[in-house]
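Asks: I'd like to ask some things about the structure below.
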Protein chains: 2
Amino acid sequence: MASDADDLAFDVFSRQCPSRSTLEHVTGRWGSLTLGALYEEGLRFNALRRRVDGVSEKMLSQTLHALERDGLVLREAQPVSPPRVDYELTPLGREVAERLLGLIRLVEGRMDDVLTARSRYDETRGGR
Amino acid sequence: MASDADDLAFDVFSRQCPSRSTLEHVTGRWGSLTLGALYEEGLRFNALRRRVDGVSEKMLSQTLHALERDGLVLREAQPVSPPRVDYELTPLGREVAERLLGLIRLVEGRMDDVLTARSRYDETRGGR
DNA sequence: CAGGATCCGTCTTGATACTG
DNA sequence: CAGTATCAAGACGGATCCTG
């Protein structure tokens with residue numbers, strides 16, 4: 001009864017659990033946005049880069065590798081010239097992205113509340 | 001029809017949207033675990049630190065400040081000695097934590113798949 | 001176009017020590 | 001107990017050059 005996770009094989013709250021790293025890939029700064037973007041439609045590298053405003057090539061590449069390794073993203077390279085590589089979600093990636101998108105929409109939809117809380121907080125502490 | 005977010009006031013995919021920073025606080029390495037831990041029960045600073053295995057005092061403190069500022073966490077300091085400060089979720093924080101926990105449980109529950117994908121990936125590229 | 005490799009400055013992290 | 005201050009190490013991010 002100590003916690004809901006006691007009967008799970010993988011407990012993300014524990015430091016060395018492998019699920020922790022996956023959660024970090026998924027919720028990481030670029031991971032969440034990448035999965036969110038791919039949920040809408042499969043995209044090519046540069047299209048994805050444009051959609052996820054602010055990622056560098058390096059970070060996007062790194063993020064995609066991690067997600068592909070975790071089995072969340074599928075990479076399909078077509079041997080044509082110029083090269084064409086499509087990224088899309090796997091079924092598991094799709095499930096993850098759904099939850100993520102739910103979270104994203106919730107945050108987006110409640111930003112007024114957040115902004116209000118922010119200014120109230122800042123007033124109280126004299127904007128430090 | 002380009003994207004689902006076109007009709008939203010806040011678009012997290014855009015670099016300068018304030019919702020992006022909130023999403024980062026929420027999904028950040030420690031933010032997600034902190035919210036997840038507080039969903040189960042309100043906790044004091046050090047109890048929280050023990051629950052979220054691996055956080056440093058500094059990071060936990062920083063994380064809590066950010067979440068409090070965003071209106072997701074409530075900080076209740078009691079003027080007693082020794083000091084006692086309880087942290088708990090606000091209603092909005094609770095909603096966010098629910099989604100987060102859904103995501104966490106999904107990841108935990110599918111780690112077998114992830115681990116399988118990982119080893120398959122590593123084999124293919126010669127374990128790099 | 002799709003990225004890997006490298007250099008380098010900056011921001012984040014995590015111990016550790018210290019305060020109320 | 002509940003934090004803040006400090007400092008060193010490493011992760012991160014950007015720019016650039018290069019390959020296929």
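Each chain of the structure tokens is named A, B, ... in the order shown, its residues numbered from 1; ligands are numbered from 1 in display order.
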From the DSSP assignment of the backbone, select every residue of range 4-123 of chain A that is strand (DSSP E or B), and format the answer as a list of chain:residue names.

Replies: A:Leu43, A:Arg44, A:Val73, A:Leu74, A:Arg75, A:Glu76, A:Ala77, A:Gln78, A:Arg84, A:Val85, A:Asp86, A:Tyr87, A:Glu88, A:Leu89

Asks: Residues of chain D were defined as contacting chain A if any atom lay at most 12 Å from it, counting only C-alpha atoms (C1' of nucleotides); please report them as a PyMOL selection string.

Replies: chain D and resi 11-15+20

Asks: Near Gly54 in chain A, within 10 Å and counting only C-alpha atoms (C1' of nucleotides), which residues show up once chain neighbours fewer than 3 positions away are dropped, as a JSON list (two decimals) with all heavy atoms, in the first residue's frame?

Replies:
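Result saved to around_24.json:
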```
[["chain", "number", "residue", "atom", "x", "y", "z"],
["A", 30, "TRP", "N", 13.06, 17.68, -26.51],
["A", 30, "TRP", "CA", 12.74, 17.51, -27.93],
["A", 30, "TRP", "C", 11.93, 16.24, -28.18],
["A", 30, "TRP", "O", 11.22, 16.15, -29.17],
["A", 30, "TRP", "CB", 14.03, 17.50, -28.75],
["A", 30, "TRP", "CG", 14.82, 18.74, -28.55],
["A", 30, "TRP", "CD1", 16.09, 18.82, -28.06],
["A", 30, "TRP", "CD2", 14.42, 20.08, -28.80],
["A", 30, "TRP", "NE1", 16.49, 20.12, -27.99],
["A", 30, "TRP", "CE2", 15.49, 20.93, -28.43],
["A", 30, "TRP", "CE3", 13.25, 20.66, -29.30],
["A", 30, "TRP", "CZ2", 15.43, 22.32, -28.54],
["A", 30, "TRP", "CZ3", 13.19, 22.05, -29.40],
["A", 30, "TRP", "CH2", 14.27, 22.85, -29.03],
["A", 49, "ARG", "N", 12.16, 19.10, -38.72],
["A", 49, "ARG", "CA", 12.99, 20.16, -38.15],
["A", 49, "ARG", "C", 12.26, 21.50, -38.21],
["A", 49, "ARG", "O", 12.36, 22.32, -37.30],
["A", 49, "ARG", "CB", 14.27, 20.24, -38.98],
["A", 49, "ARG", "CG", 15.33, 21.11, -38.40],
["A", 49, "ARG", "CD", 16.69, 20.60, -38.84],
["A", 49, "ARG", "NE", 17.59, 21.63, -39.33],
["A", 49, "ARG", "CZ", 17.98, 22.66, -38.61],
["A", 49, "ARG", "NH1", 17.51, 22.83, -37.41],
["A", 49, "ARG", "NH2", 18.80, 23.55, -39.12],
["A", 50, "ARG", "N", 11.52, 21.72, -39.26],
["A", 50, "ARG", "CA", 10.77, 22.96, -39.39],
["A", 50, "ARG", "C", 9.58, 22.97, -38.43],
["A", 50, "ARG", "O", 9.24, 23.98, -37.84],
["A", 50, "ARG", "CB", 10.27, 23.12, -40.83],
["A", 50, "ARG", "CG", 11.11, 24.09, -41.64],
["A", 50, "ARG", "CD", 10.76, 24.03, -43.12],
["A", 50, "ARG", "NE", 11.61, 23.09, -43.86],
["A", 50, "ARG", "CZ", 11.16, 22.08, -44.60],
["A", 50, "ARG", "NH1", 9.86, 21.86, -44.70],
["A", 50, "ARG", "NH2", 12.01, 21.29, -45.23],
["A", 51, "ARG", "N", 8.98, 21.81, -38.29],
["A", 51, "ARG", "CA", 7.79, 21.72, -37.43],
["A", 51, "ARG", "C", 8.14, 21.93, -35.96],
["A", 51, "ARG", "O", 7.44, 22.60, -35.23],
["A", 51, "ARG", "CB", 7.15, 20.34, -37.60],
["A", 51, "ARG", "CG", 5.92, 20.11, -36.77],
["A", 51, "ARG", "CD", 4.70, 20.74, -37.40],
["A", 51, "ARG", "NE", 3.50, 20.47, -36.63],
["A", 51, "ARG", "CZ", 2.93, 21.35, -35.80],
["A", 51, "ARG", "NH1", 3.46, 22.54, -35.65],
["A", 51, "ARG", "NH2", 1.83, 21.03, -35.16],
["A", 57, "GLU", "N", 19.92, 20.46, -35.95],
["A", 57, "GLU", "CA", 20.04, 19.17, -36.64],
["A", 57, "GLU", "C", 20.55, 18.11, -35.68],
["A", 57, "GLU", "O", 20.07, 16.99, -35.62],
["A", 57, "GLU", "CB", 21.02, 19.27, -37.81],
["A", 57, "GLU", "CG", 20.57, 20.15, -38.94],
["A", 57, "GLU", "CD", 21.57, 20.13, -40.08],
["A", 57, "GLU", "OE1", 22.61, 19.44, -39.96],
["A", 57, "GLU", "OE2", 21.32, 20.80, -41.09],
["A", 59, "MET", "N", 20.48, 17.84, -32.39],
["A", 59, "MET", "CA", 19.55, 17.39, -31.35],
["A", 59, "MET", "C", 18.42, 16.57, -31.95],
["A", 59, "MET", "O", 18.01, 15.58, -31.36],
["A", 59, "MET", "CB", 18.98, 18.60, -30.60],
["A", 59, "MET", "CG", 19.93, 19.20, -29.61],
["A", 59, "MET", "SD", 20.50, 18.01, -28.37],
["A", 59, "MET", "CE", 22.12, 17.61, -28.97],
["A", 60, "LEU", "N", 17.93, 16.98, -33.12],
["A", 60, "LEU", "CA", 16.86, 16.22, -33.74],
["A", 60, "LEU", "C", 17.36, 14.82, -34.10],
["A", 60, "LEU", "O", 16.70, 13.82, -33.83],
["A", 60, "LEU", "CB", 16.35, 16.93, -35.00],
["A", 60, "LEU", "CG", 15.21, 16.22, -35.71],
["A", 60, "LEU", "CD1", 14.03, 15.96, -34.77],
["A", 60, "LEU", "CD2", 14.75, 16.99, -36.94],
["B", 13, "PHE", "N", 4.45, 24.08, -30.16],
["B", 13, "PHE", "CA", 5.47, 23.78, -31.16],
["B", 13, "PHE", "C", 6.24, 25.02, -31.57],
["B", 13, "PHE", "O", 7.28, 24.94, -32.21],
["B", 13, "PHE", "CB", 4.83, 23.13, -32.40],
["B", 13, "PHE", "CG", 4.41, 21.71, -32.15],
["B", 13, "PHE", "CD1", 3.08, 21.41, -31.92],
["B", 13, "PHE", "CD2", 5.35, 20.70, -32.12],
["B", 13, "PHE", "CE1", 2.70, 20.10, -31.67],
["B", 13, "PHE", "CE2", 4.96, 19.39, -31.88],
["B", 13, "PHE", "CZ", 3.65, 19.09, -31.65],
["B", 14, "SER", "N", 5.70, 26.15, -31.19],
["B", 14, "SER", "CA", 6.37, 27.40, -31.52],
["B", 14, "SER", "C", 7.36, 27.78, -30.43],
["B", 14, "SER", "O", 7.06, 27.72, -29.24],
["B", 14, "SER", "CB", 5.33, 28.49, -31.68],
["B", 14, "SER", "OG", 5.96, 29.72, -31.85],
["B", 15, "ARG", "N", 8.53, 28.15, -30.86],
["B", 15, "ARG", "CA", 9.62, 28.37, -29.93],
["B", 15, "ARG", "C", 9.33, 29.35, -28.82],
["B", 15, "ARG", "O", 9.68, 29.13, -27.67],
["B", 15, "ARG", "CB", 10.85, 28.83, -30.71],
["B", 15, "ARG", "CG", 12.11, 28.73, -29.91],
["B", 15, "ARG", "CD", 13.26, 29.48, -30.54],
["B", 15, "ARG", "NE", 13.28, 29.41, -31.98],
["B", 15, "ARG", "CZ", 14.41, 29.36, -32.68],
["B", 15, "ARG", "NH1", 15.56, 29.31, -32.04],
["B", 15, "ARG", "NH2", 14.38, 29.38, -33.98],
["B", 16, "GLN", "N", 8.72, 30.48, -29.13],
["B", 16, "GLN", "CA", 8.56, 31.49, -28.08],
["B", 16, "GLN", "C", 7.24, 31.44, -27.33],
["B", 16, "GLN", "O", 6.96, 32.31, -26.52],
["B", 16, "GLN", "CB", 8.73, 32.89, -28.68],
["B", 16, "GLN", "CG", 7.96, 33.11, -29.95],
["B", 16, "GLN", "CD", 8.92, 33.38, -31.09],
["B", 16, "GLN", "OE1", 9.84, 34.17, -30.95],
["B", 16, "GLN", "NE2", 8.72, 32.71, -32.22]]
```

Asks: Return as an MDAnalysis selection string the residues belonging to chain C that are within 10 Å of chain A, counting only C-alpha atoms (C1' of nucleotides).

Replies: chainID C and resid 1:4

Asks: Just need the residues of chain B within 6 Å of chain A, counting only C-alpha atoms, so spit them out as a PDB file with all heavy atoms, in the first residue's frame.

Replies:
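Heads up, here's the output in iface.pdb:
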```pdb
ATOM      1  N   PHE B  10      -2.427  29.076 -27.834  1.00  0.00           N
ATOM      2  CA  PHE B  10      -1.053  28.733 -27.460  1.00  0.00           C
ATOM      3  C   PHE B  10      -0.581  27.497 -28.210  1.00  0.00           C
ATOM      4  O   PHE B  10      -1.196  26.445 -28.136  1.00  0.00           O
ATOM      5  CB  PHE B  10      -0.971  28.469 -25.960  1.00  0.00           C
ATOM      6  CG  PHE B  10      -1.308  29.673 -25.132  1.00  0.00           C
ATOM      7  CD1 PHE B  10      -2.563  29.810 -24.561  1.00  0.00           C
ATOM      8  CD2 PHE B  10      -0.368  30.676 -24.933  1.00  0.00           C
ATOM      9  CE1 PHE B  10      -2.869  30.933 -23.797  1.00  0.00           C
ATOM     10  CE2 PHE B  10      -0.667  31.786 -24.167  1.00  0.00           C
ATOM     11  CZ  PHE B  10      -1.918  31.913 -23.601  1.00  0.00           C
ATOM     12  N   PHE B  13       4.448  24.080 -30.160  1.00  0.00           N
ATOM     13  CA  PHE B  13       5.465  23.780 -31.165  1.00  0.00           C
ATOM     14  C   PHE B  13       6.239  25.021 -31.568  1.00  0.00           C
ATOM     15  O   PHE B  13       7.279  24.940 -32.207  1.00  0.00           O
ATOM     16  CB  PHE B  13       4.831  23.135 -32.403  1.00  0.00           C
ATOM     17  CG  PHE B  13       4.405  21.712 -32.148  1.00  0.00           C
ATOM     18  CD1 PHE B  13       3.080  21.409 -31.919  1.00  0.00           C
ATOM     19  CD2 PHE B  13       5.346  20.703 -32.123  1.00  0.00           C
ATOM     20  CE1 PHE B  13       2.704  20.095 -31.670  1.00  0.00           C
ATOM     21  CE2 PHE B  13       4.964  19.394 -31.876  1.00  0.00           C
ATOM     22  CZ  PHE B  13       3.646  19.093 -31.647  1.00  0.00           C
ATOM     23  N   SER B  14       5.700  26.147 -31.192  1.00  0.00           N
ATOM     24  CA  SER B  14       6.369  27.397 -31.521  1.00  0.00           C
ATOM     25  C   SER B  14       7.360  27.775 -30.430  1.00  0.00           C
ATOM     26  O   SER B  14       7.055  27.717 -29.243  1.00  0.00           O
ATOM     27  CB  SER B  14       5.334  28.489 -31.683  1.00  0.00           C
ATOM     28  OG  SER B  14       5.959  29.722 -31.853  1.00  0.00           O
ATOM     29  N   ARG B  15       8.529  28.150 -30.859  1.00  0.00           N
ATOM     30  CA  ARG B  15       9.623  28.366 -29.931  1.00  0.00           C
ATOM     31  C   ARG B  15       9.330  29.354 -28.819  1.00  0.00           C
ATOM     32  O   ARG B  15       9.677  29.135 -27.671  1.00  0.00           O
ATOM     33  CB  ARG B  15      10.847  28.827 -30.711  1.00  0.00           C
ATOM     34  CG  ARG B  15      12.113  28.730 -29.913  1.00  0.00           C
ATOM     35  CD  ARG B  15      13.262  29.485 -30.536  1.00  0.00           C
ATOM     36  NE  ARG B  15      13.284  29.414 -31.977  1.00  0.00           N
ATOM     37  CZ  ARG B  15      14.407  29.364 -32.679  1.00  0.00           C
ATOM     38  NH1 ARG B  15      15.562  29.310 -32.044  1.00  0.00           N
ATOM     39  NH2 ARG B  15      14.378  29.375 -33.983  1.00  0.00           N
ATOM     40  N   SER B  19       3.730  28.437 -23.422  1.00  0.00           N
ATOM     41  CA  SER B  19       3.303  27.086 -23.069  1.00  0.00           C
ATOM     42  C   SER B  19       4.475  26.109 -23.186  1.00  0.00           C
ATOM     43  O   SER B  19       4.499  25.069 -22.538  1.00  0.00           O
ATOM     44  CB  SER B  19       2.156  26.632 -23.971  1.00  0.00           C
ATOM     45  OG  SER B  19       2.578  26.521 -25.306  1.00  0.00           O
ATOM     46  N   THR B  27       7.307  18.226 -18.091  1.00  0.00           N
ATOM     47  CA  THR B  27       7.854  16.979 -18.609  1.00  0.00           C
ATOM     48  C   THR B  27       9.344  16.856 -18.319  1.00  0.00           C
ATOM     49  O   THR B  27       9.947  15.843 -18.660  1.00  0.00           O
ATOM     50  CB  THR B  27       7.657  16.876 -20.128  1.00  0.00           C
ATOM     51  OG1 THR B  27       8.348  17.951 -20.748  1.00  0.00           O
ATOM     52  CG2 THR B  27       6.197  16.920 -20.480  1.00  0.00           C
ATOM     53  N   VAL B  52      11.655  10.615  -5.019  1.00  0.00           N
ATOM     54  CA  VAL B  52      12.197  10.817  -6.359  1.00  0.00           C
ATOM     55  C   VAL B  52      13.679  10.503  -6.316  1.00  0.00           C
ATOM     56  O   VAL B  52      14.518  11.373  -6.140  1.00  0.00           O
ATOM     57  CB  VAL B  52      11.970  12.271  -6.831  1.00  0.00           C
ATOM     58  CG1 VAL B  52      12.536  12.467  -8.227  1.00  0.00           C
ATOM     59  CG2 VAL B  52      10.492  12.608  -6.803  1.00  0.00           C
ATOM     60  N   ASP B  53      13.961   9.254  -6.499  1.00  0.00           N
ATOM     61  CA  ASP B  53      15.307   8.733  -6.331  1.00  0.00           C
ATOM     62  C   ASP B  53      16.289   9.405  -7.282  1.00  0.00           C
ATOM     63  O   ASP B  53      16.135   9.329  -8.493  1.00  0.00           O
ATOM     64  CB  ASP B  53      15.278   7.219  -6.585  1.00  0.00           C
ATOM     65  CG  ASP B  53      16.580   6.565  -6.202  1.00  0.00           C
ATOM     66  OD1 ASP B  53      17.265   7.099  -5.313  1.00  0.00           O
ATOM     67  OD2 ASP B  53      16.910   5.525  -6.795  1.00  0.00           O
ATOM     68  N   GLY B  54      17.272  10.089  -6.717  1.00  0.00           N
ATOM     69  CA  GLY B  54      18.311  10.661  -7.558  1.00  0.00           C
ATOM     70  C   GLY B  54      18.313  12.175  -7.676  1.00  0.00           C
ATOM     71  O   GLY B  54      19.267  12.737  -8.191  1.00  0.00           O
ATOM     72  N   ARG B  69       5.338  28.265  -9.311  1.00  0.00           N
ATOM     73  CA  ARG B  69       5.105  29.486 -10.072  1.00  0.00           C
ATOM     74  C   ARG B  69       4.067  29.276 -11.168  1.00  0.00           C
ATOM     75  O   ARG B  69       3.248  30.145 -11.449  1.00  0.00           O
ATOM     76  CB  ARG B  69       6.418  29.977 -10.682  1.00  0.00           C
ATOM     77  CG  ARG B  69       6.299  31.392 -11.236  1.00  0.00           C
ATOM     78  CD  ARG B  69       7.644  31.980 -11.581  1.00  0.00           C
ATOM     79  NE  ARG B  69       7.937  31.899 -12.993  1.00  0.00           N
ATOM     80  CZ  ARG B  69       7.749  32.904 -13.847  1.00  0.00           C
ATOM     81  NH1 ARG B  69       7.293  34.056 -13.450  1.00  0.00           N
ATOM     82  NH2 ARG B  69       8.028  32.747 -15.121  1.00  0.00           N
ATOM     83  N   ASP B  70       4.093  28.108 -11.772  1.00  0.00           N
ATOM     84  CA  ASP B  70       3.132  27.805 -12.828  1.00  0.00           C
ATOM     85  C   ASP B  70       1.756  27.449 -12.273  1.00  0.00           C
ATOM     86  O   ASP B  70       0.831  27.145 -13.035  1.00  0.00           O
ATOM     87  CB  ASP B  70       3.635  26.643 -13.694  1.00  0.00           C
ATOM     88  CG  ASP B  70       4.754  27.075 -14.638  1.00  0.00           C
ATOM     89  OD1 ASP B  70       5.019  28.293 -14.731  1.00  0.00           O
ATOM     90  OD2 ASP B  70       5.349  26.201 -15.283  1.00  0.00           O
ATOM     91  N   GLY B  71       1.643  27.439 -10.961  1.00  0.00           N
ATOM     92  CA  GLY B  71       0.334  27.149 -10.371  1.00  0.00           C
ATOM     93  C   GLY B  71      -0.033  25.674 -10.351  1.00  0.00           C
ATOM     94  O   GLY B  71      -1.204  25.314 -10.335  1.00  0.00           O
ATOM     95  N   ARG B  99      -2.463  12.881 -16.357  1.00  0.00           N
ATOM     96  CA  ARG B  99      -1.993  12.537 -17.701  1.00  0.00           C
ATOM     97  C   ARG B  99      -0.576  11.990 -17.642  1.00  0.00           C
ATOM     98  O   ARG B  99      -0.239  11.038 -18.331  1.00  0.00           O
ATOM     99  CB  ARG B  99      -1.986  13.775 -18.597  1.00  0.00           C
ATOM    100  CG  ARG B  99      -3.174  14.647 -18.441  1.00  0.00           C
ATOM    101  CD  ARG B  99      -4.253  14.244 -19.411  1.00  0.00           C
ATOM    102  NE  ARG B  99      -5.444  15.040 -19.204  1.00  0.00           N
ATOM    103  CZ  ARG B  99      -6.205  15.470 -20.203  1.00  0.00           C
ATOM    104  NH1 ARG B  99      -5.882  15.178 -21.448  1.00  0.00           N
ATOM    105  NH2 ARG B  99      -7.284  16.163 -19.947  1.00  0.00           N
ATOM    106  N   LEU B 103       0.901   8.311 -18.718  1.00  0.00           N
ATOM    107  CA  LEU B 103       2.063   8.118 -19.580  1.00  0.00           C
ATOM    108  C   LEU B 103       3.113   7.241 -18.898  1.00  0.00           C
ATOM    109  O   LEU B 103       3.653   6.309 -19.490  1.00  0.00           O
ATOM    110  CB  LEU B 103       2.659   9.486 -19.915  1.00  0.00           C
ATOM    111  CG  LEU B 103       3.871   9.501 -20.823  1.00  0.00           C
ATOM    112  CD1 LEU B 103       3.515   8.961 -22.199  1.00  0.00           C
ATOM    113  CD2 LEU B 103       4.422  10.910 -20.929  1.00  0.00           C
ATOM    114  N   GLU B 108       6.009   2.161 -18.256  1.00  0.00           N
ATOM    115  CA  GLU B 108       6.415   1.080 -17.363  1.00  0.00           C
ATOM    116  C   GLU B 108       5.844  -0.259 -17.844  1.00  0.00           C
ATOM    117  O   GLU B 108       6.536  -1.274 -17.835  1.00  0.00           O
ATOM    118  CB  GLU B 108       5.922   1.357 -15.938  1.00  0.00           C
ATOM    119  CG  GLU B 108       6.697   2.444 -15.222  1.00  0.00           C
ATOM    120  CD  GLU B 108       6.126   2.755 -13.838  1.00  0.00           C
ATOM    121  OE1 GLU B 108       4.942   2.475 -13.592  1.00  0.00           O
ATOM    122  OE2 GLU B 108       6.859   3.295 -13.015  1.00  0.00           O
ATOM    123  N   VAL B 114       9.998  -2.232 -25.216  1.00  0.00           N
ATOM    124  CA  VAL B 114      11.091  -1.278 -25.417  1.00  0.00           C
ATOM    125  C   VAL B 114      12.440  -1.979 -25.342  1.00  0.00           C
ATOM    126  O   VAL B 114      13.307  -1.784 -26.191  1.00  0.00           O
ATOM    127  CB  VAL B 114      11.032  -0.149 -24.368  1.00  0.00           C
ATOM    128  CG1 VAL B 114      12.284   0.708 -24.433  1.00  0.00           C
ATOM    129  CG2 VAL B 114       9.794   0.709 -24.574  1.00  0.00           C
ATOM    130  N   ALA B 117      13.037  -3.957 -28.416  1.00  0.00           N
ATOM    131  CA  ALA B 117      13.391  -3.070 -29.526  1.00  0.00           C
ATOM    132  C   ALA B 117      14.837  -2.608 -29.400  1.00  0.00           C
ATOM    133  O   ALA B 117      15.582  -2.557 -30.374  1.00  0.00           O
ATOM    134  CB  ALA B 117      12.458  -1.863 -29.564  1.00  0.00           C
ATOM    135  N   ARG B 118      15.216  -2.307 -28.188  1.00  0.00           N
ATOM    136  CA  ARG B 118      16.569  -1.841 -27.934  1.00  0.00           C
ATOM    137  C   ARG B 118      17.608  -2.870 -28.339  1.00  0.00           C
ATOM    138  O   ARG B 118      18.576  -2.550 -29.044  1.00  0.00           O
ATOM    139  CB  ARG B 118      16.722  -1.564 -26.437  1.00  0.00           C
ATOM    140  CG  ARG B 118      16.665  -0.147 -26.132  1.00  0.00           C
ATOM    141  CD  ARG B 118      16.318   0.749 -25.256  1.00  0.00           C
ATOM    142  NE  ARG B 118      16.658   0.708 -23.872  1.00  0.00           N
ATOM    143  CZ  ARG B 118      16.342   1.705 -23.038  1.00  0.00           C
ATOM    144  NH1 ARG B 118      15.689   2.768 -23.481  1.00  0.00           N
ATOM    145  NH2 ARG B 118      16.648   1.636 -21.788  1.00  0.00           N
ATOM    146  N   TYR B 121      17.778  -3.245 -32.058  1.00  0.00           N
ATOM    147  CA  TYR B 121      18.464  -2.099 -32.645  1.00  0.00           C
ATOM    148  C   TYR B 121      19.973  -2.212 -32.469  1.00  0.00           C
ATOM    149  O   TYR B 121      20.748  -2.011 -33.390  1.00  0.00           O
ATOM    150  CB  TYR B 121      17.957  -0.819 -31.978  1.00  0.00           C
ATOM    151  CG  TYR B 121      18.550   0.461 -32.500  1.00  0.00           C
ATOM    152  CD1 TYR B 121      17.884   1.210 -33.468  1.00  0.00           C
ATOM    153  CD2 TYR B 121      19.748   0.952 -32.005  1.00  0.00           C
ATOM    154  CE1 TYR B 121      18.404   2.402 -33.939  1.00  0.00           C
ATOM    155  CE2 TYR B 121      20.288   2.141 -32.471  1.00  0.00           C
ATOM    156  CZ  TYR B 121      19.614   2.861 -33.438  1.00  0.00           C
ATOM    157  OH  TYR B 121      20.140   4.031 -33.898  1.00  0.00           O
TER     158      TYR B 121
END
```
